[in-house]
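Please read the structure below before turning to the comments.
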Amino acid sequence: MKQKSGLLLLIFTILTFVLAACSFENDNSSDDKQSEEGSSEEENVLRIAETADIPTMDPIMTEDNVSTLWIDTVYEGLYRQAPGGEIVSGIAKKEETEVSDDGLTYTFHLREDAKWANGDPVTAQDFVYGWQRAVNPDNGSFYGNYLMSGKIKNAEQIFAGELPPEDLGVSAPDDYTFVVELEVPVPYFDSYVINSNFLPAHKEFVEEQGDQFSLSPEGILANGPFKMTSWQADSGWKLEKNEEYWDAENVALDGISVKVIKQADTRLSNYEVGELDRVTLQGSQVSENRTSPEYQVLSETAVFYMKMNQESLEKSEYMQNKNFRMALAKGFDKQAYIDVAYGNDSTPIDFYVPTEFIQHPETEEDFQTGSDLLSFDVEAAQEYWAAAKEELGFEEVSLSFLSGDTDTAKSISEVMKTELEKNLEGLTIETKNVPWAQQLDLMREKNYELAVSGWGPDYLDAVSFLDVFVTGGENNDVGYSNEEYDSLIKSAKTDLALDPVARFEALQDAEKILLEDAAIAPIMQRKTSVLVKDYVEGLDVRNPFANNYSFKYVELNK
């Protein structure tokens, strides 16, 4: 993510998480007690922080960009994303991949020197098992259905319980050949298979762990650049370089140390006294540090928007009214939102698919053409509000606004409450701030009324954003439904798959419908302001899809 990871990569979603830096304190694990000899090695450990715990380390259960980031750090799939978005070989040798003329069969040739952290070889059977595990409805993968159905052969019927997982269109003719059969061509397949749900899995280890799989370092068997050595709930985690990784000689870091810190001021103060390698700035911290030589602004393809749940338990009648949604979507100042919650250079938007992400296949024009249908406009919002009042027969209404419990999330709650109550007479906003994992659960269950979410692309294509809101979609937690929209998305994924121009234009038409229906209320395309020590290299660019960063390529040059 969702999250970045569209998760991926929902980016999905992820509003409340920031990447910062800090040292571990009060950690009782034995590896913190270093000798003088070991202290020099500690200098090659990147110290960072998150604002909440990792929701999951199970590759098939991830739906947010924090889980995606750390899963990518300990596992490796067929391909890997290098800094800036380049797709490079992972366990599969990219230059040797074979694609059938009809685009429906991919044959991957795996490297024979790839190993799991226990020394076992990574084989094609591991990919078969990993993909079958993701598609098995008994395992409850939230993202697997969203990604695989309608693309991987038989995936939809397997999720529906009509076929066994063994009928998925994947096979292993030998230990180092992995074959994937598709139902339709997937133009973005190379970036698509980077997602966590397409990772291999060590069958013997997974089954031995049972319900303890991925819940602790002991329950995680890495095959990527790093392996997890400690993980304390809501406190932090540590990783060290995986010496069994096939490309370990090109992994510069000895490890990564992460601590959960929710307070922005605490992160910044730790950075200022030299205990942090990097910190994300929020609110007034941005303006106060703009002149620092360590200040950087990172552009992103993550977009943020307000969700209006049309299937909310108590307010569905209101949320299903288009005038009501239009009033909410146009009734708050997006720049004020950015100034209060972030204080940085994020850009107010009136669209959904981000700029500088996808270009027209012939003209190279940006996907976005400048729609202002959902721009901030108090007068227009009040007209829509008056129409909604007449149609629904109310003068006053109270809505709950769901958000996280970090400093930024609380600021978001307050600015949205202030803006909407000020501009829409008779509206009361009740804020509800909860931990991120709980917020994810509430949104997935559609047990909320209003919320702000972010979405980052899972792969390099506009459909990674637009597929979210098809009727009944796994990630459609706003309950939106439009037959014409569904038809355009389906065409883009089927009969137009090999017609790049027509497909591009169909996706543009789909976004137009989404905005005309005010299915969501776009807010901003995010930029991130950071302070970073001059010895840190490799964290100065955000990946355009899937995981935010690739720690494999980070170096500390002290």
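Chain identifiers are assigned as A, B, and so on, following the order in which chains appear in the structure tokens; residues are numbered from 1 within each chain, and ligands are numbered from 1 in order of appearance.
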Q) Using only C-alpha atoms, which residues sit within 9 Å of region 328-335 of chain A once same-chain residues fewer than 4 positions away are excluded, as a PyMOL selection string? A) chain A and resi 306+308+323-324+339-340+346-349+373-382+384-385+415-416+418-420+422-424+518+520-524
Q: Report the residues of region 48-149 of chain A whose backbone DSSP state falls under strand (DSSP E), written as an MDAnalysis selection string.
A: chainID A and resid 48:50 79:81 87:89 98:99 105:109
Residues from last step as file, all heavy atoms, as a short mmCIF file (atom, residue, chain, number, x, y, z; two decimals), in the first residue's frame:
```cif
data_model
loop_
_atom_site.label_atom_id
_atom_site.label_comp_id
_atom_site.auth_asym_id
_atom_site.auth_seq_id
_atom_site.Cartn_x
_atom_site.Cartn_y
_atom_site.Cartn_z
N ILE A 48 16.03 3.99 12.14
CA ILE A 48 14.84 4.68 11.68
C ILE A 48 13.66 4.38 12.61
O ILE A 48 13.82 3.62 13.57
CB ILE A 48 14.47 4.31 10.22
CG1 ILE A 48 14.24 2.81 10.10
CG2 ILE A 48 15.56 4.77 9.26
CD1 ILE A 48 13.91 2.37 8.70
N ALA A 49 12.51 4.98 12.33
CA ALA A 49 11.34 4.75 13.17
C ALA A 49 10.08 4.74 12.35
O ALA A 49 10.02 5.28 11.26
CB ALA A 49 11.24 5.83 14.26
N GLU A 50 9.07 4.11 12.89
CA GLU A 50 7.72 4.15 12.34
C GLU A 50 6.80 4.72 13.40
O GLU A 50 7.15 4.76 14.58
CB GLU A 50 7.24 2.74 11.95
CG GLU A 50 8.02 2.10 10.82
CD GLU A 50 7.58 2.57 9.44
OE1 GLU A 50 6.86 3.59 9.36
OE2 GLU A 50 7.97 1.93 8.45
N TYR A 79 10.99 -10.58 -9.24
CA TYR A 79 11.73 -9.37 -9.56
C TYR A 79 11.80 -8.48 -8.33
O TYR A 79 11.09 -8.68 -7.35
CB TYR A 79 11.06 -8.59 -10.69
CG TYR A 79 10.94 -9.32 -12.01
CD1 TYR A 79 9.88 -9.06 -12.88
CD2 TYR A 79 11.90 -10.26 -12.42
CE1 TYR A 79 9.77 -9.70 -14.09
CE2 TYR A 79 11.79 -10.91 -13.63
CZ TYR A 79 10.72 -10.63 -14.47
OH TYR A 79 10.61 -11.27 -15.68
N ARG A 80 12.63 -7.44 -8.40
CA ARG A 80 12.78 -6.47 -7.33
C ARG A 80 12.77 -5.08 -7.94
O ARG A 80 13.14 -4.90 -9.09
CB ARG A 80 14.08 -6.73 -6.57
CG ARG A 80 14.45 -5.67 -5.56
CD ARG A 80 15.60 -6.11 -4.67
NE ARG A 80 15.17 -7.17 -3.75
CZ ARG A 80 14.53 -6.93 -2.61
NH1 ARG A 80 14.22 -5.69 -2.26
NH2 ARG A 80 14.18 -7.92 -1.82
N GLN A 81 12.33 -4.09 -7.14
CA GLN A 81 12.33 -2.71 -7.60
C GLN A 81 13.58 -2.00 -7.07
O GLN A 81 13.82 -1.93 -5.88
CB GLN A 81 11.07 -1.98 -7.11
CG GLN A 81 10.94 -0.59 -7.67
CD GLN A 81 9.64 0.10 -7.27
OE1 GLN A 81 9.34 1.18 -7.73
NE2 GLN A 81 8.85 -0.53 -6.42
N ILE A 87 12.77 -2.01 -12.66
CA ILE A 87 12.46 -3.39 -12.32
C ILE A 87 13.65 -4.26 -12.71
O ILE A 87 14.05 -4.29 -13.88
CB ILE A 87 11.18 -3.86 -13.03
CG1 ILE A 87 10.01 -2.95 -12.64
CG2 ILE A 87 10.87 -5.31 -12.68
CD1 ILE A 87 8.78 -3.14 -13.49
N VAL A 88 14.23 -4.94 -11.73
CA VAL A 88 15.44 -5.72 -11.97
C VAL A 88 15.23 -7.17 -11.53
O VAL A 88 14.23 -7.51 -10.89
CB VAL A 88 16.63 -5.10 -11.20
CG1 VAL A 88 16.91 -3.69 -11.70
CG2 VAL A 88 16.38 -5.09 -9.69
N SER A 89 16.17 -8.00 -11.87
CA SER A 89 16.10 -9.42 -11.51
C SER A 89 16.05 -9.59 -9.99
O SER A 89 16.70 -8.87 -9.24
CB SER A 89 17.32 -10.17 -12.05
OG SER A 89 17.34 -10.13 -13.46
N GLU A 98 10.64 -15.64 -20.58
CA GLU A 98 10.01 -15.86 -21.88
C GLU A 98 8.52 -15.54 -21.79
O GLU A 98 7.85 -15.91 -20.82
CB GLU A 98 10.19 -17.32 -22.31
CG GLU A 98 11.65 -17.76 -22.40
CD GLU A 98 11.76 -19.27 -22.57
OE1 GLU A 98 10.97 -19.84 -23.35
OE2 GLU A 98 12.62 -19.88 -21.91
N VAL A 99 7.99 -14.84 -22.81
CA VAL A 99 6.58 -14.48 -22.87
C VAL A 99 6.01 -15.01 -24.18
O VAL A 99 6.57 -14.78 -25.26
CB VAL A 99 6.38 -12.95 -22.80
CG1 VAL A 99 4.88 -12.63 -22.73
CG2 VAL A 99 7.12 -12.36 -21.61
N THR A 105 1.30 -16.56 -21.35
CA THR A 105 2.16 -17.49 -20.63
C THR A 105 3.53 -16.87 -20.40
O THR A 105 4.18 -16.40 -21.34
CB THR A 105 2.33 -18.81 -21.39
OG1 THR A 105 1.04 -19.38 -21.64
CG2 THR A 105 3.17 -19.79 -20.58
N TYR A 106 3.93 -16.85 -19.12
CA TYR A 106 5.25 -16.36 -18.74
C TYR A 106 6.06 -17.52 -18.18
O TYR A 106 5.59 -18.26 -17.31
CB TYR A 106 5.14 -15.27 -17.67
CG TYR A 106 4.75 -13.90 -18.21
CD1 TYR A 106 3.46 -13.66 -18.69
CD2 TYR A 106 5.67 -12.85 -18.24
CE1 TYR A 106 3.10 -12.41 -19.19
CE2 TYR A 106 5.33 -11.60 -18.73
CZ TYR A 106 4.04 -11.39 -19.21
OH TYR A 106 3.70 -10.16 -19.70
N THR A 107 7.27 -17.67 -18.67
CA THR A 107 8.17 -18.69 -18.17
C THR A 107 9.38 -18.01 -17.54
O THR A 107 10.14 -17.31 -18.21
CB THR A 107 8.63 -19.64 -19.29
OG1 THR A 107 7.47 -20.25 -19.90
CG2 THR A 107 9.54 -20.72 -18.73
N PHE A 108 9.52 -18.21 -16.23
CA PHE A 108 10.61 -17.58 -15.48
C PHE A 108 11.70 -18.61 -15.20
O PHE A 108 11.41 -19.74 -14.79
CB PHE A 108 10.09 -17.03 -14.14
CG PHE A 108 9.06 -15.95 -14.29
CD1 PHE A 108 7.70 -16.26 -14.29
CD2 PHE A 108 9.43 -14.62 -14.42
CE1 PHE A 108 6.74 -15.27 -14.41
CE2 PHE A 108 8.48 -13.62 -14.54
CZ PHE A 108 7.12 -13.95 -14.55
N HIS A 109 12.93 -18.19 -15.39
CA HIS A 109 14.07 -19.05 -15.10
C HIS A 109 14.75 -18.52 -13.84
O HIS A 109 15.24 -17.39 -13.80
CB HIS A 109 15.02 -19.09 -16.29
CG HIS A 109 14.38 -19.66 -17.52
ND1 HIS A 109 14.23 -21.02 -17.72
CD2 HIS A 109 13.80 -19.06 -18.59
CE1 HIS A 109 13.61 -21.24 -18.88
NE2 HIS A 109 13.33 -20.05 -19.42
#
```
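Between CA of Val303 (chain A) and CA of Tyr146 (chain A) there is a distance of 19.6 Å.
Interatomic distance, CA of Leu199 (chain A) to CA of Leu556 (chain A): 28.4 Å.
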**Q.** helix (DSSP H, G or I) call set, DSSP backbone run, region 73-200 of chain A, as a ChimeraX atom specification
**A.** /A:73-74,83-85,94-96,124-135,137-139,142-148,155-159,165-167,189-192,196-198
Neighbours of Leu514 (chain A) within 9 Å (only C-alpha atoms; same-chain residues fewer than 6 positions away dropped), as a PDB file with C-alpha atoms, in the first residue's frame?
```pdb
ATOM      1  CA  TYR A 352      -7.478  10.568  -8.260  1.00  0.00           C
ATOM      2  CA  LEU A 466      -9.066   2.727 -10.571  1.00  0.00           C
ATOM      3  CA  PHE A 469     -13.652   1.155  -6.795  1.00  0.00           C
ATOM      4  CA  ASN A 482     -21.502   2.317 -11.141  1.00  0.00           C
ATOM      5  CA  TYR A 485     -17.447   2.548 -14.524  1.00  0.00           C
ATOM      6  CA  ILE A 520     -14.371  10.073  -3.097  1.00  0.00           C
TER       7      ILE A 520
END
```
Q. Which residue gives the smallest distance to Val180 (chain A) among A:Lys153, A:Lys203, A:Arg111, A:Arg526, with only C-alpha atoms counted?
A. A:Lys153
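The shortest atom-to-atom distance to Glu537 (chain A), with only C-alpha atoms taken into account, belongs to A:Asp277 out of A:Asp277, A:Asp64, A:Glu356, A:Asp407.
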Q. Skipping near chain neighbours, those fewer than 4 positions away, what residues fall within 6 Å of region 222-225 of chain A using only C-alpha atoms, listed as a PyMOL selection string?
A. chain A and resi 74-76+116-117+242+245
Put those residues in a file: N, CA, C and O atoms, as a PDB file, in the first residue's frame.
```
ATOM      1  N   VAL A  74      12.725  -8.395   3.904  1.00  0.00           N
ATOM      2  CA  VAL A  74      13.174  -9.729   4.331  1.00  0.00           C
ATOM      3  C   VAL A  74      12.896 -10.819   3.297  1.00  0.00           C
ATOM      4  O   VAL A  74      13.439 -11.917   3.409  1.00  0.00           O
ATOM      5  N   TYR A  75      12.053 -10.519   2.296  1.00  0.00           N
ATOM      6  CA  TYR A  75      11.757 -11.508   1.258  1.00  0.00           C
ATOM      7  C   TYR A  75      12.160 -10.975  -0.116  1.00  0.00           C
ATOM      8  O   TYR A  75      12.340  -9.771  -0.303  1.00  0.00           O
ATOM      9  N   GLU A  76      12.253 -11.879  -1.068  1.00  0.00           N
ATOM     10  CA  GLU A  76      12.449 -11.478  -2.458  1.00  0.00           C
ATOM     11  C   GLU A  76      11.641 -12.385  -3.364  1.00  0.00           C
ATOM     12  O   GLU A  76      11.585 -13.604  -3.165  1.00  0.00           O
ATOM     13  N   TRP A 116      17.135 -19.796   1.130  1.00  0.00           N
ATOM     14  CA  TRP A 116      16.439 -19.324   2.313  1.00  0.00           C
ATOM     15  C   TRP A 116      17.482 -19.123   3.415  1.00  0.00           C
ATOM     16  O   TRP A 116      18.605 -19.632   3.315  1.00  0.00           O
ATOM     17  N   ALA A 117      17.116 -18.406   4.455  1.00  0.00           N
ATOM     18  CA  ALA A 117      18.065 -18.106   5.532  1.00  0.00           C
ATOM     19  C   ALA A 117      18.550 -19.365   6.252  1.00  0.00           C
ATOM     20  O   ALA A 117      19.592 -19.339   6.915  1.00  0.00           O
ATOM     21  N   ASN A 242      21.221 -10.575   5.761  1.00  0.00           N
ATOM     22  CA  ASN A 242      21.045 -12.007   5.565  1.00  0.00           C
ATOM     23  C   ASN A 242      22.216 -12.527   4.726  1.00  0.00           C
ATOM     24  O   ASN A 242      22.265 -12.317   3.508  1.00  0.00           O
ATOM     25  N   TYR A 245      21.592 -14.561   1.552  1.00  0.00           N
ATOM     26  CA  TYR A 245      20.985 -13.907   0.386  1.00  0.00           C
ATOM     27  C   TYR A 245      21.936 -14.000  -0.803  1.00  0.00           C
ATOM     28  O   TYR A 245      23.139 -13.743  -0.663  1.00  0.00           O
TER      29      TYR A 245
END
```
Please build the interface table for region 91-124 of chain A against region 498-513 of chain A with a cut-off of 12 Å, listing for each qualifying residue the nearest atom pair and the distance in Å to one decimal; count only C-alpha atoms, order rows by chain and increasing number, and write it as CSV.
```
residue,atom,partner,partner_atom,distance
A:Asp101,CA,A:Leu498,CA,11.6
A:Asp102,CA,A:Leu498,CA,9.4
A:Gly103,CA,A:Leu498,CA,9.0
A:Leu104,CA,A:Leu498,CA,11.4
```
Keeping only N, CA, C and O atoms, write the selected residues as a tab-separated table (two decimals), in the first residue's frame.
```
chain	number	residue	atom	x	y	z
A	101	ASP	N	3.55	-15.40	-27.49
A	101	ASP	CA	3.10	-14.40	-28.44
A	101	ASP	C	1.77	-13.78	-28.07
A	101	ASP	O	1.52	-12.60	-28.32
A	102	ASP	N	0.89	-14.56	-27.43
A	102	ASP	CA	-0.43	-14.03	-27.04
A	102	ASP	C	-0.40	-13.35	-25.68
A	102	ASP	O	-1.43	-12.85	-25.19
A	103	GLY	N	0.76	-13.29	-25.04
A	103	GLY	CA	0.88	-12.62	-23.76
A	103	GLY	C	0.26	-13.35	-22.60
A	103	GLY	O	0.11	-12.78	-21.51
A	104	LEU	N	-0.07	-14.63	-22.76
A	104	LEU	CA	-0.80	-15.36	-21.73
A	104	LEU	C	0.06	-16.34	-20.93
A	104	LEU	O	-0.41	-16.88	-19.92
```
Q.
Could you list, as a PyMOL selection string, every residue within 10 Å of Ile220 (chain A), counting only C-alpha atoms and ignoring same-chain residues fewer than 2 positions away?
A. chain A and resi 57-58+71+74-75+117+205-206+209+212-218+222-223+227-229
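Compared by their closest atoms to Glu396 (chain A), and using only C-alpha atoms, the residues A:Ser299, A:Ala451, A:Tyr318, A:Val463 rank with A:Tyr318 nearest.
Between Glu314 (chain A) and the residues A:Tyr129, A:Tyr143, A:Tyr448, A:Tyr176, the shortest atom-to-atom distance, using only C-alpha atoms, involves A:Tyr448.
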Q. Excluding same-chain residues fewer than 2 positions from Glu166 (chain A), what lies within 8 Å of it counting only C-alpha atoms, as a ChimeraX atom specification?
A. /A:132,164,168
Q: Write out as an MDAnalysis selection string the residues lying within 8 Å of Leu460 (chain A), counting only C-alpha atoms and excluding same-chain residues fewer than 6 positions away.
A: chainID A and resid 188 191:192 357:358 544:545
Same residues, N, CA, C and O atoms, output as a PDB file, in the first residue's frame:
```
ATOM      1  N   TYR A 188       1.093  -4.713 -17.568  1.00  0.00           N
ATOM      2  CA  TYR A 188       1.991  -4.239 -16.516  1.00  0.00           C
ATOM      3  C   TYR A 188       2.549  -5.402 -15.691  1.00  0.00           C
ATOM      4  O   TYR A 188       2.916  -5.234 -14.531  1.00  0.00           O
ATOM      5  N   SER A 191       5.823  -5.232 -13.323  1.00  0.00           N
ATOM      6  CA  SER A 191       5.701  -4.521 -12.053  1.00  0.00           C
ATOM      7  C   SER A 191       4.665  -5.179 -11.143  1.00  0.00           C
ATOM      8  O   SER A 191       4.769  -5.104  -9.916  1.00  0.00           O
ATOM      9  N   TYR A 192       3.710  -5.849 -11.739  1.00  0.00           N
ATOM     10  CA  TYR A 192       2.628  -6.522 -11.015  1.00  0.00           C
ATOM     11  C   TYR A 192       3.155  -7.620 -10.094  1.00  0.00           C
ATOM     12  O   TYR A 192       2.741  -7.743  -8.938  1.00  0.00           O
ATOM     13  N   PHE A 357       2.900   9.988 -13.301  1.00  0.00           N
ATOM     14  CA  PHE A 357       2.908   8.555 -13.016  1.00  0.00           C
ATOM     15  C   PHE A 357       2.745   7.758 -14.300  1.00  0.00           C
ATOM     16  O   PHE A 357       3.572   6.904 -14.628  1.00  0.00           O
ATOM     17  N   ILE A 358       1.687   8.046 -15.047  1.00  0.00           N
ATOM     18  CA  ILE A 358       1.405   7.337 -16.297  1.00  0.00           C
ATOM     19  C   ILE A 358       1.228   8.353 -17.427  1.00  0.00           C
ATOM     20  O   ILE A 358       0.557   9.373 -17.241  1.00  0.00           O
ATOM     21  N   PRO A 544       8.168   4.737  -7.273  1.00  0.00           N
ATOM     22  CA  PRO A 544       6.880   5.183  -7.828  1.00  0.00           C
ATOM     23  C   PRO A 544       5.732   4.215  -7.606  1.00  0.00           C
ATOM     24  O   PRO A 544       4.575   4.568  -7.810  1.00  0.00           O
ATOM     25  N   PHE A 545       6.023   2.981  -7.193  1.00  0.00           N
ATOM     26  CA  PHE A 545       4.955   2.015  -6.921  1.00  0.00           C
ATOM     27  C   PHE A 545       5.460   0.983  -5.930  1.00  0.00           C
ATOM     28  O   PHE A 545       6.657   0.912  -5.634  1.00  0.00           O
TER      29      PHE A 545
END
```
Q. What is the distance between CA of Lys527 (chain A) and CA of Val193 (chain A), in Å to one decimal?
A. 26.3 Å
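For the set A:Asn309, A:Ser464, A:Gln320, A:Thr301, the residue with the smallest atom-to-atom gap to Pro187 (chain A) is A:Ser464, counting only C-alpha atoms.
When only C-alpha atoms are used to measure the gap to Leu496 (chain A), the shortest distance among A:Gly472, A:Val179, A:Pro185, A:Asp405 belongs to A:Pro185.
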